[in-house]
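*Asks:* Structure file protein_34.txt, compact mmCIF, C-alpha atoms and all ligand atoms, is pasted below:
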# COMPACT_ATOMS: atom_id res chain seq x y z
CA MET A 1 -81.99 236.64 25.60
CA ILE A 2 -85.38 236.48 23.90
CA VAL A 3 -88.39 236.73 26.20
CA ASP A 4 -92.07 236.71 25.37
CA TYR A 5 -93.77 238.24 28.39
CA HIS A 6 -97.36 238.52 27.21
CA MET A 7 -99.56 235.48 26.61
CA HIS A 8 -102.81 233.99 27.81
CA LEU A 9 -102.94 230.43 29.17
CA ARG A 10 -105.40 228.82 26.76
CA ASN A 11 -105.72 225.66 24.72
CA ASP A 12 -105.23 225.64 20.97
CA ARG A 13 -108.88 226.68 20.48
CA GLU A 14 -108.28 229.76 22.62
CA GLN A 15 -110.38 228.40 25.49
CA ILE A 16 -109.31 229.09 29.07
CA ALA A 17 -107.08 226.26 30.29
CA HIS A 18 -105.63 227.20 33.65
CA ASP A 19 -103.83 223.95 34.36
CA THR A 20 -100.19 222.88 34.26
CA GLY A 21 -100.85 220.65 31.25
CA ALA A 22 -101.74 223.72 29.20
CA VAL A 23 -98.31 225.25 29.92
CA SER A 24 -96.33 222.65 27.94
CA PRO A 25 -97.58 223.57 24.45
CA PHE A 26 -96.50 227.17 25.11
CA VAL A 27 -93.05 226.02 26.24
CA HIS A 28 -92.68 223.85 23.13
CA ALA A 29 -93.83 226.67 20.88
CA ALA A 30 -91.35 229.01 22.57
CA ARG A 31 -88.48 226.61 21.95
CA ALA A 32 -89.48 226.26 18.31
CA ALA A 33 -89.61 230.05 17.94
CA GLY A 34 -86.20 230.58 19.61
CA VAL A 35 -87.73 232.21 22.69
CA ASP A 36 -85.71 231.59 25.88
CA GLU A 37 -88.35 232.47 28.46
CA ILE A 38 -92.09 233.07 28.48
CA GLY A 39 -94.43 234.73 30.92
CA PHE A 40 -98.15 234.10 31.32
CA THR A 41 -100.36 237.15 31.70
CA GLU A 42 -104.00 236.13 31.81
CA HIS A 43 -106.53 238.95 31.99
CA GLY A 44 -107.27 239.91 35.59
CA TYR A 45 -111.00 240.24 34.87
CA TYR A 46 -111.38 236.47 34.54
CA PHE A 47 -110.77 235.97 38.24
CA THR A 48 -113.39 236.04 40.95
CA GLN A 49 -110.85 237.16 43.57
CA LEU A 50 -110.62 240.50 41.71
CA ARG A 51 -114.34 240.83 40.99
CA THR A 52 -114.89 244.05 42.93
CA LEU A 53 -112.64 245.91 40.45
CA TRP A 54 -114.73 245.17 37.37
CA SER A 55 -117.67 247.29 36.28
CA VAL A 56 -117.66 246.86 32.49
CA PRO A 57 -120.12 244.10 31.36
CA TYR A 58 -117.43 242.51 29.17
CA GLN A 59 -115.30 242.03 32.30
CA SER A 60 -118.07 240.98 34.70
CA GLU A 61 -119.43 238.38 32.26
CA ARG A 62 -116.04 236.67 32.14
CA CYS A 63 -115.31 236.89 35.86
CA ALA A 64 -115.78 233.21 36.71
CA TYR A 65 -112.36 231.65 37.25
CA ASP A 66 -110.21 230.91 40.27
CA LEU A 67 -107.02 232.95 40.50
CA GLU A 68 -105.42 230.36 42.84
CA GLN A 69 -105.80 227.71 40.15
CA TYR A 70 -104.15 229.90 37.50
CA VAL A 71 -101.32 230.86 39.83
CA ASP A 72 -100.77 227.23 40.89
CA ALA A 73 -100.68 226.04 37.26
CA VAL A 74 -97.90 228.48 36.35
CA VAL A 75 -96.00 228.18 39.65
CA GLN A 76 -95.94 224.37 39.37
CA ALA A 77 -94.39 224.67 35.92
CA ARG A 78 -91.95 227.30 37.20
CA ASP A 79 -91.00 225.07 40.14
CA ARG A 80 -90.36 222.18 37.76
CA GLY A 81 -87.68 224.33 36.13
CA LEU A 82 -89.55 225.27 32.98
CA PRO A 83 -88.60 228.72 31.63
CA VAL A 84 -91.91 230.32 32.59
CA LYS A 85 -92.80 233.34 34.66
CA LEU A 86 -95.98 234.22 36.51
CA GLY A 87 -97.67 237.41 35.45
CA LEU A 88 -101.10 238.94 35.01
CA GLU A 89 -102.51 241.50 32.58
CA VAL A 90 -104.38 243.88 34.83
CA ASP A 91 -106.80 246.56 33.66
CA TYR A 92 -105.96 249.84 35.29
CA VAL A 93 -109.00 251.19 37.12
CA PRO A 94 -108.45 254.88 38.01
CA GLY A 95 -109.24 255.65 41.62
CA ARG A 96 -109.04 252.01 42.67
CA GLU A 97 -105.27 251.82 42.98
CA ASP A 98 -105.10 250.82 46.67
CA GLU A 99 -107.73 248.14 46.21
CA THR A 100 -105.96 246.78 43.12
CA ARG A 101 -102.68 246.64 45.03
CA ALA A 102 -104.25 244.88 48.00
CA LEU A 103 -106.11 242.30 45.90
CA LEU A 104 -102.96 241.39 43.95
CA ALA A 105 -100.62 241.35 46.95
CA PRO A 106 -101.10 237.70 48.06
CA TYR A 107 -99.67 236.10 44.90
CA PRO A 108 -96.05 235.37 43.91
CA TRP A 109 -95.94 237.43 40.70
CA ASP A 110 -92.81 237.76 38.66
CA TYR A 111 -94.32 240.85 37.06
CA LEU A 112 -97.61 242.59 36.35
CA LEU A 113 -98.65 244.14 33.04
CA GLY A 114 -100.87 247.20 33.19
CA SER A 115 -103.43 247.71 30.43
CA VAL A 116 -105.93 250.36 29.39
CA HIS A 117 -108.71 248.58 27.47
CA TRP A 118 -111.65 250.66 28.75
CA ILE A 119 -112.15 254.32 29.59
CA ASP A 120 -115.40 255.30 31.31
CA GLY A 121 -117.10 252.12 30.11
CA LEU A 122 -116.05 252.63 26.47
CA SER A 123 -113.73 250.17 24.80
CA VAL A 124 -110.37 251.15 23.36
CA ASP A 125 -110.08 247.97 21.29
CA GLY A 126 -113.67 246.63 21.00
CA ASP A 127 -117.32 247.67 21.35
CA PRO A 128 -118.72 250.15 22.23
CA ARG A 129 -115.78 251.87 20.59
CA LEU A 130 -114.23 254.84 22.37
CA VAL A 131 -113.07 256.34 19.04
CA ASP A 132 -116.64 256.29 17.66
CA GLU A 133 -118.16 257.82 20.78
CA VAL A 134 -115.72 260.66 21.46
CA GLY A 135 -113.80 261.08 18.18
CA VAL A 136 -110.22 260.26 17.36
CA GLU A 137 -108.49 263.31 18.87
CA SER A 138 -110.30 263.00 22.16
CA ALA A 139 -109.87 259.22 22.26
CA TRP A 140 -106.13 259.60 21.84
CA HIS A 141 -105.80 262.26 24.50
CA ARG A 142 -107.95 260.38 26.98
CA TYR A 143 -106.19 257.11 26.27
CA PHE A 144 -102.71 258.51 26.85
CA GLU A 145 -103.83 260.49 29.92
CA THR A 146 -105.12 257.23 31.39
CA LEU A 147 -101.95 255.39 30.41
CA ALA A 148 -99.90 258.07 32.19
CA LEU A 149 -102.04 257.57 35.30
CA ALA A 150 -101.57 253.80 35.03
CA ALA A 151 -97.80 254.35 34.97
CA GLY A 152 -97.98 256.81 37.86
CA SER A 153 -99.93 254.32 39.97
CA ARG A 154 -96.74 252.22 40.11
CA LEU A 155 -99.00 249.17 40.27
CA PHE A 156 -97.44 247.63 37.19
CA ASP A 157 -94.02 246.51 36.03
CA SER A 158 -94.70 247.12 32.35
CA LEU A 159 -97.45 248.74 30.27
CA SER A 160 -98.96 246.43 27.64
CA HIS A 161 -99.48 247.47 24.01
CA PRO A 162 -98.85 251.10 25.03
CA ASP A 163 -100.54 252.76 22.05
CA LEU A 164 -103.49 250.35 21.77
CA VAL A 165 -105.75 253.29 20.84
CA LYS A 166 -104.39 253.11 17.26
CA ILE A 167 -105.72 249.54 16.85
CA PHE A 168 -108.32 250.37 14.18
CA GLY A 169 -105.94 252.59 12.25
CA ASP A 170 -107.37 255.97 13.31
CA ARG A 171 -104.75 258.47 14.39
CA ALA A 172 -104.67 261.84 16.09
CA ASP A 173 -102.82 264.48 14.07
CA ALA A 174 -99.15 265.01 14.96
CA PHE A 175 -99.56 263.52 18.42
CA ASP A 176 -96.89 264.60 20.90
CA TYR A 177 -95.75 261.66 23.03
CA SER A 178 -93.47 263.66 25.32
CA THR A 179 -96.01 264.08 28.14
CA VAL A 180 -96.83 260.39 28.40
CA ALA A 181 -93.17 259.42 27.98
CA ASP A 182 -92.25 261.81 30.84
CA ALA A 183 -94.89 260.22 33.07
CA ILE A 184 -93.74 256.69 32.23
CA ALA A 185 -90.09 257.58 32.83
CA GLU A 186 -90.86 259.25 36.14
CA SER A 187 -92.85 256.23 37.33
CA GLY A 188 -90.06 253.74 36.66
CA THR A 189 -92.50 251.50 34.76
CA ALA A 190 -91.32 249.64 31.65
CA ILE A 191 -93.25 249.57 28.37
CA GLU A 192 -94.01 246.62 26.17
CA VAL A 193 -93.08 246.23 22.55
CA SER A 194 -95.88 244.04 21.25
CA THR A 195 -96.17 242.24 17.95
CA ALA A 196 -99.95 241.85 18.39
CA GLY A 197 -100.65 245.06 16.49
CA LEU A 198 -99.34 243.42 13.32
CA ARG A 199 -102.37 241.09 13.52
CA LYS A 200 -104.88 243.95 14.03
CA PRO A 201 -106.38 246.37 11.49
CA VAL A 202 -103.59 248.91 12.13
CA GLY A 203 -101.00 246.33 11.01
CA GLU A 204 -98.16 247.84 13.10
CA LEU A 205 -96.18 246.95 16.16
CA TYR A 206 -97.06 248.64 19.44
CA PRO A 207 -95.78 251.21 20.20
CA HIS A 208 -95.21 253.68 17.36
CA PRO A 209 -91.49 254.31 16.74
CA ASP A 210 -91.91 257.92 17.91
CA LEU A 211 -93.26 256.79 21.30
CA LEU A 212 -90.57 254.15 21.64
CA ARG A 213 -87.84 256.68 20.82
CA ALA A 214 -89.30 259.13 23.35
CA CYS A 215 -89.11 256.36 25.95
CA ARG A 216 -85.57 255.42 24.93
CA GLU A 217 -84.45 259.03 25.33
CA ARG A 218 -85.78 258.86 28.89
CA ALA A 219 -84.15 255.47 29.64
CA VAL A 220 -87.50 253.65 30.01
CA PRO A 221 -86.89 249.88 30.01
CA VAL A 222 -88.82 247.58 27.67
CA THR A 223 -90.45 244.19 27.74
CA THR A 224 -91.42 242.18 24.65
CA GLY A 225 -94.60 240.24 24.01
CA SER A 226 -96.70 238.51 21.38
CA ASP A 227 -100.03 238.65 23.28
CA ALA A 228 -100.54 235.04 22.18
CA HIS A 229 -103.97 233.60 22.96
CA VAL A 230 -102.92 230.24 21.49
CA PRO A 231 -99.53 228.49 21.75
CA SER A 232 -98.75 228.83 18.04
CA LEU A 233 -98.43 232.63 18.35
CA VAL A 234 -95.62 232.59 20.94
CA GLY A 235 -92.67 234.63 19.67
CA ARG A 236 -94.58 235.60 16.52
CA ASP A 237 -92.86 238.36 14.50
CA PHE A 238 -90.16 238.88 17.12
CA ASP A 239 -87.68 239.68 14.35
CA ARG A 240 -89.83 242.76 13.70
CA ALA A 241 -89.83 243.64 17.40
CA ARG A 242 -86.04 243.43 17.50
CA GLU A 243 -85.75 245.67 14.43
CA LEU A 244 -87.98 248.26 16.06
CA LEU A 245 -86.05 248.11 19.33
CA SER A 246 -82.70 248.46 17.57
CA SER A 247 -83.91 251.35 15.45
CA ALA A 248 -84.98 253.16 18.63
CA GLY A 249 -81.56 252.57 20.20
CA TYR A 250 -82.41 249.74 22.58
CA GLU A 251 -79.88 246.98 23.22
CA THR A 252 -81.49 245.18 26.15
CA VAL A 253 -84.83 243.80 27.30
CA THR A 254 -86.14 243.46 30.82
CA VAL A 255 -86.24 240.11 32.60
CA PHE A 256 -88.30 239.79 35.76
CA GLU A 257 -88.05 237.52 38.74
CA ARG A 258 -90.41 238.08 41.67
CA ARG A 259 -90.87 241.67 40.57
CA ARG A 260 -87.16 242.40 40.50
CA ARG A 261 -85.89 243.36 37.10
CA ARG A 262 -82.63 243.15 35.25
CA GLN A 263 -81.51 243.96 31.74
CA GLU A 264 -80.33 241.34 29.26
CA PRO A 265 -79.04 241.92 25.74
CA PHE A 266 -81.58 240.81 23.19
CA ALA A 267 -80.00 238.64 20.56
ZN ZN B 1 -104.47 243.64 26.32
ZN ZN B 2 -103.17 240.29 26.45
I'd like the structure from this file rewritten - as structure tokens, please.
Ligand SMILES: [Zn+2]
Ligand SMILES: [Zn+2]
*Replies:*
Amino acid sequence: MIVDYHMHLRNDREQIAHDTGAVSPFVHAARAAGVDEIGFTEHGYYFTQLRTLWSVPYQSERCAYDLEQYVDAVVQARDRGLPVKLGLEVDYVPGREDETRALLAPYPWDYLLGSVHWIDGLSVDGDPRLVDEVGVESAWHRYFETLALAAGSRLFDSLSHPDLVKIFGDRADAFDYSTVADAIAESGTAIEVSTAGLRKPVGELYPHPDLLRACRERAVPVTTGSDAHVPSLVGRDFDRARELLSSAGYETVTVFERRRRRQEPFA
């Protein structure tokens, strides 16, 4: 089974389109790409219901949409029998775990992705850049410490683009992934293999093969995602994702339904 569990419900110009009509182009694109099931994971910071969590200007400026409308759009498609799942890409906010859990509780999620895009107001993948402010070594350590906390919060079903900190191509020397892999394994959270990194300056899949192997050794389950912000990117480069998964020893991917997970062979 091929699943793409990371995409943003937009029109073909990447504009927010949280309506059932916007789901169809993603479903068609999935079929064309040989993807059996897709899951929508809009950024949590777009939604006014979650506003109290967001302190970064980038998040607050975008916090103008109705979560009910997004949920209804995907659930209607799901109820019509389309192969779609309801998810959300949620920024992990350290210290606000209980509030995050409570705010997300009312909705019928199939799964939640946990992301680390900001650390102390600095951006991992945009401006102001964390790597420029604190240096590469420190950025890497702080990023993976925060990712380990995100896993340990048990708020999320899978961790998106788990080594996002490499996005611009800067790397810490001989980074040891065992600590973060231990934390992820202990938490029971899955990690995402994402093809989005191939379209970024680093030009690689997330995560690095060494991190994925460390997770495999600890029996951490995986999800797969394109991080498509337009329908045409659904399932993009999934042949590369499968190669990476196979080379790390994985034979299955995780499929979610109402936050229960099962393993399916990827083929
Ligand atoms: Zn993301
Ligand atoms: Zn995303």
*Asks:* Report, in Å to a single decimal, how far apart atom CA of A:Asp91 and atom CA of A:Phe47 are.
*Replies:*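 Pair atom CA of A:Phe47 / atom CA of A:Asp91 returns 12.2 Å.
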*Asks:* Could the residues of stretch 121-166 of chain A that have an atom at most 10 Å from stretch 244-266 of chain A be listed as a Markdown table, each with its closest atom pair and the distance in Å to one decimal, counting all atoms listed in the file and ordered by chain and ascending residue number?
*Replies:*
| residue | atom | partner | partner_atom | distance |
| --- | --- | --- | --- | --- |
| A:Phe156 | CA | A:Arg259 | CA | 9.5 |
| A:Asp157 | CA | A:Arg259 | CA | 7.3 |
| A:Ser158 | CA | A:Thr254 | CA | 9.4 |
*Asks:* Which residue, A:Gln49, A:Ser55, A:Ser115, A:Gln69, has the smallest gap to ligand ZN 1 (chain B) when you use only C-alpha atoms and all ligand atoms?
*Replies:*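 Of the candidates, the smallest distance to ligand ZN 1 (chain B) is held by A:Ser115.
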*Asks:* When distances are computed from all atoms listed in the file, which of A:Leu104, A:Val90, A:Leu147, A:Val75 shows the smallest separation from ligand ZN 2 (chain B)?
*Replies:*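 For ligand ZN 2 (chain B), the nearest of the candidates is A:Val90.
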*Asks:* Could you check which of A:Arg129, A:His161, A:His6, A:Arg199 is closest to A:Phe144, using all atoms listed in the file?
*Replies:*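 For A:Phe144, the nearest of the candidates is A:His161.
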*Asks:* Tell me which protein, DNA and RNA residues are within 10 Å of stretch 22-32 of chain A, counting only C-alpha atoms, leaving out same-chain ones fewer than 4 positions away, and put them as a ChimeraX atom specification.
*Replies:* /A:2-4,7-12,16-18,36-40,73-74,76-78,82-84,228,230-236
*Asks:* Mind giving me the straight-line distance from atom CA of A:Tyr206 to atom CA of A:Asp237 in Å, one decimal?
*Replies:*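 Distance reported for this atom pair: 12.2 Å.
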*Asks:* Rounded to one decimal place, report the atom CA of A:Asp163-atom CA of A:Glu99 distance in Å.
*Replies:*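 Atom CA of A:Glu99 lies at a distance of 25.6 Å from atom CA of A:Asp163.
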*Asks:* For A:Val116, which of A:Thr41, A:Gln15, A:Ser187, A:Thr146 is the closest residue, counting only C-alpha atoms?
*Replies:*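 Among the listed residues, A:Thr146 lies closest to A:Val116.
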*Asks:* List every protein, DNA or RNA residue with an atom no more than 6 Å from (-94.0, 240.5, 33.7) in the file's coordinates, counting all atoms listed in the file, and format the result as a PyMOL selection string.
*Replies:* chain A and resi 5+87+110-113
*Asks:* Which polymer residues have any atom within 7 Å of an atom of A:Val220, counting all atoms listed in the file, with same-chain residues fewer than 2 positions away left out, as a PyMOL selection string?
*Replies:* chain A and resi 185+190+215-216+218+222
*Asks:* Closest to A:Ser153 among A:Val93, A:Ala139, A:Ile191, A:Ala174, using only C-alpha atoms?
*Replies:*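 So, comparing all the options, the nearest one is A:Val93.
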*Asks:* Show me, as a tab-separated table (two decimals) with C-alpha atoms, in the frame of the given file, the residues that have an atom within 9 Å of A:Asp176 when counting all atoms listed in the file, minus same-chain residues fewer than 4 positions from it.
*Replies:*
chain	number	residue	atom	x	y	z
A	180	VAL	CA	-96.83	260.39	28.40
A	210	ASP	CA	-91.91	257.92	17.91
A	211	LEU	CA	-93.26	256.79	21.30
*Asks:* As a PyMOL selection string, please: the residues near A:Gly135 (cut-off 12 Å, all atoms listed in the file, same-chain neighbours under 4 positions excluded).
*Replies:* chain A and resi 124+129-131+139-143+165+170-172
*Asks:* Ranking A:Thr223, A:Asp132, A:Glu89, A:Tyr70 by minimum distance to A:Tyr107 and counting all atoms listed in the file, which one comes first?
*Replies:*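 Closest residue, counting all atoms listed in the file: A:Tyr70.
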*Asks:* At a cut-off of 9 Å, using all atoms listed in the file, what residues contact stretch 56-59 of chain A? Leave out same-chain residues fewer than 5 positions from it and give the result as an MDAnalysis selection string.
*Replies:* chainID A and resid 44:46 51 118 120:122
*Asks:* Write out N, CA and C atoms for stretch 197-226 of chain A, as an mmCIF file, in the coordinates of the input.
*Replies:*
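And here is the file that came out, out.cif:
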data_model
loop_
_atom_site.group_PDB
_atom_site.id
_atom_site.type_symbol
_atom_site.label_atom_id
_atom_site.label_comp_id
_atom_site.auth_asym_id
_atom_site.auth_seq_id
_atom_site.Cartn_x
_atom_site.Cartn_y
_atom_site.Cartn_z
ATOM 1 N N GLY A 197 -100.088 244.057 17.392
ATOM 2 C CA GLY A 197 -100.650 245.060 16.490
ATOM 3 C C GLY A 197 -100.514 244.690 15.027
ATOM 4 N N LEU A 198 -99.518 243.876 14.710
ATOM 5 C CA LEU A 198 -99.340 243.420 13.320
ATOM 6 C C LEU A 198 -100.518 242.572 12.867
ATOM 7 N N ARG A 199 -101.229 241.966 13.831
ATOM 8 C CA ARG A 199 -102.370 241.090 13.520
ATOM 9 C C ARG A 199 -103.708 241.816 13.662
ATOM 10 N N LYS A 200 -103.664 243.127 13.870
ATOM 11 C CA LYS A 200 -104.880 243.950 14.030
ATOM 12 C C LYS A 200 -105.021 244.850 12.799
ATOM 13 N N PRO A 201 -106.189 245.528 12.686
ATOM 14 C CA PRO A 201 -106.380 246.370 11.490
ATOM 15 C C PRO A 201 -105.246 247.367 11.247
ATOM 16 N N VAL A 202 -104.653 247.910 12.304
ATOM 17 C CA VAL A 202 -103.590 248.910 12.130
ATOM 18 C C VAL A 202 -102.360 248.306 11.443
ATOM 19 N N GLY A 203 -102.114 247.016 11.678
ATOM 20 C CA GLY A 203 -101.000 246.330 11.010
ATOM 21 C C GLY A 203 -99.625 246.863 11.371
ATOM 22 N N GLU A 204 -99.449 247.300 12.628
ATOM 23 C CA GLU A 204 -98.160 247.840 13.100
ATOM 24 C C GLU A 204 -97.848 247.255 14.468
ATOM 25 N N LEU A 205 -96.567 247.265 14.794
ATOM 26 C CA LEU A 205 -96.180 246.950 16.160
ATOM 27 C C LEU A 205 -96.685 248.039 17.109
ATOM 28 N N TYR A 206 -96.913 247.661 18.345
ATOM 29 C CA TYR A 206 -97.060 248.640 19.440
ATOM 30 C C TYR A 206 -95.694 248.737 20.113
ATOM 31 N N PRO A 207 -95.209 249.917 20.511
ATOM 32 C CA PRO A 207 -95.780 251.210 20.200
ATOM 33 C C PRO A 207 -95.206 251.786 18.902
ATOM 34 N N HIS A 208 -95.752 252.946 18.510
ATOM 35 C CA HIS A 208 -95.210 253.680 17.360
ATOM 36 C C HIS A 208 -93.737 254.004 17.608
ATOM 37 N N PRO A 209 -92.917 253.991 16.546
ATOM 38 C CA PRO A 209 -91.490 254.310 16.740
ATOM 39 C C PRO A 209 -91.253 255.626 17.458
ATOM 40 N N ASP A 210 -92.106 256.626 17.239
ATOM 41 C CA ASP A 210 -91.910 257.920 17.910
ATOM 42 C C ASP A 210 -92.079 257.807 19.423
ATOM 43 N N LEU A 211 -93.061 257.004 19.859
ATOM 44 C CA LEU A 211 -93.260 256.790 21.300
ATOM 45 C C LEU A 211 -92.100 255.982 21.878
ATOM 46 N N LEU A 212 -91.676 254.974 21.136
ATOM 47 C CA LEU A 212 -90.570 254.150 21.640
ATOM 48 C C LEU A 212 -89.288 254.978 21.756
ATOM 49 N N ARG A 213 -89.034 255.823 20.751
ATOM 50 C CA ARG A 213 -87.840 256.680 20.820
ATOM 51 C C ARG A 213 -87.930 257.656 21.986
ATOM 52 N N ALA A 214 -89.122 258.202 22.208
ATOM 53 C CA ALA A 214 -89.300 259.130 23.350
ATOM 54 C C ALA A 214 -89.003 258.405 24.655
ATOM 55 N N CYS A 215 -89.391 257.152 24.740
ATOM 56 C CA CYS A 215 -89.110 256.360 25.950
ATOM 57 C C CYS A 215 -87.627 256.041 26.059
ATOM 58 N N ARG A 216 -87.003 255.719 24.928
ATOM 59 C CA ARG A 216 -85.570 255.420 24.930
ATOM 60 C C ARG A 216 -84.763 256.640 25.407
ATOM 61 N N GLU A 217 -85.152 257.803 24.920
ATOM 62 C CA GLU A 217 -84.450 259.030 25.330
ATOM 63 C C GLU A 217 -84.534 259.249 26.833
ATOM 64 N N ARG A 218 -85.576 258.698 27.451
ATOM 65 C CA ARG A 218 -85.780 258.860 28.890
ATOM 66 C C ARG A 218 -85.386 257.617 29.676
ATOM 67 N N ALA A 219 -84.671 256.693 29.002
ATOM 68 C CA ALA A 219 -84.150 255.470 29.640
ATOM 69 C C ALA A 219 -85.246 254.592 30.238
ATOM 70 N N VAL A 220 -86.414 254.556 29.584
ATOM 71 C CA VAL A 220 -87.500 253.650 30.010
ATOM 72 C C VAL A 220 -87.169 252.244 29.541
ATOM 73 N N PRO A 221 -87.159 251.256 30.441
ATOM 74 C CA PRO A 221 -86.890 249.880 30.010
ATOM 75 C C PRO A 221 -88.060 249.281 29.230
ATOM 76 N N VAL A 222 -87.767 248.216 28.480
ATOM 77 C CA VAL A 222 -88.820 247.580 27.670
ATOM 78 C C VAL A 222 -88.960 246.103 28.000
ATOM 79 N N THR A 223 -90.198 245.622 27.813
ATOM 80 C CA THR A 223 -90.450 244.190 27.740
ATOM 81 C C THR A 223 -90.933 243.876 26.329
ATOM 82 N N THR A 224 -90.943 242.588 25.981
ATOM 83 C CA THR A 224 -91.420 242.180 24.650
ATOM 84 C C THR A 224 -92.507 241.136 24.806
ATOM 85 N N GLY A 225 -93.501 241.190 23.907
ATOM 86 C CA GLY A 225 -94.600 240.240 24.010
ATOM 87 C C GLY A 225 -95.328 240.041 22.703
ATOM 88 N N SER A 226 -95.896 238.849 22.563
ATOM 89 C CA SER A 226 -96.700 238.510 21.380
ATOM 90 C C SER A 226 -98.189 238.683 21.636
#
